[in-house]
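> Structure provided below as structure tokens; questions to follow.
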Amino acid sequence: MTAGRWPGVFFTVAVAVASVTACSSSIDTSSTDGTPTASSPVSEDPGGSGPSDRPTALPVPSPLAGEVSRVVYVRGEVVGDHRIRPRPDTAYLVRGACLAGSTNKSLGYEITEVRSPGKFLSGGEILCDGSVTVNSAFSSSGAPVPVDVRITGDLAGVVTSYLVVVPE
């Protein structure tokens with residue numbers, strides 16, 4: 001995808017997020033910076049020690065500078081994703097967060113090149129405690145091809161999760 005198509009990608013993601021916002025009471029758009037957040041009731045700790053201190057809303061960041069791939073998952077549906085060609089000779093990070101009803105939940109992710117069968121570039125894990133995880137993703141070289149980031153693992157109980165691939 002060329003740089004000239006960026007506005008269309010961001011518009012598509014914005015429309016998808018706005019559609020979920022309009023159709024779901026689980027989205028709270030009243031955050032101070034205007035980014036959507038998904039809400040969840042405070043869950044009981046499985047150990048019976050009472051309500052957790054975890055956040056009950058997870059803000060999904062607006063498109064970030066140099067972003068090459070993104071996936072956003074809200075209550076059972078992927079509401080935004082895109083992929084573009086990374087810049088040559090650039091190191092990339094994956095930034096992600098997840099919020100689920102269980103304090104022991106985690107999700108995996110994989111980053112692959114978008115071509116059949118899809119060359120594996122990196123993978124990792126994020127905890128579903130509402131905190132942001134930042135990991136090294138890959139370094140592009142030569143004539144890079146678009147990359148895809150996917151959530152892997154069991155999404156049962158996940159309220160919101162996102163992964164974004166950006167330059168270091």
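We label chains A, B, ... in the order they appear in the structure tokens, count residues from 1 in each chain, and number ligands from 1 in the order shown.
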Need the shell around stretch 89-95 of chain A: protein/DNA/RNA residues with any atom at most 12 Å away, counting only C-alpha atoms. Skip same-chain ones fewer than 2 positions apart. Format as number ranges by chain?
A: 60-61, 63-72, 85-87, 97-98, 108-111, 121-126, 131-144, 147-151, 161-168
> Determine which residues of stretch 135-166 of chain A DSSP labels as strand (DSSP E) from the backbone of this structure, then write them out as a list in words.
Asn135, Ser136, Ala137, Phe138, Ser139, Val147, Asp148, Val149, Arg150, Ile151, Thr152, Val158, Val159, Thr160, Ser161, Tyr162, Leu163, Val164, Val165 and Val166 of chain A
> When distances are computed from only C-alpha atoms, which of A:Pro117, A:Pro59, A:Gly130, A:Gly76 shows the smallest separation from A:Ser102?
A:Gly130
> What does the distance from atom CA of A:Val79 to atom CA of A:Val159 come to in Å, to one decimal?
12.4 Å
> What does the distance between atom CA of A:Asp154 and atom CA of A:Val78 come to in Å, to one decimal place?
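Spanning atom CA of A:Asp154 to atom CA of A:Val78 is a straight-line distance of 14.0 Å.
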> Under the rule that only C-alpha atoms are counted, which of A:Val158, A:Thr56, A:Val74, A:Arg83 is the nearest residue to A:Glu113?
A:Arg83
> With distances taken over only C-alpha atoms, which of A:Val145, A:Ala100, A:Leu127, A:Leu155 is nearest to A:Thr112?
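Looking only at the distances to A:Thr112, the closest residue turns out to be A:Val145.
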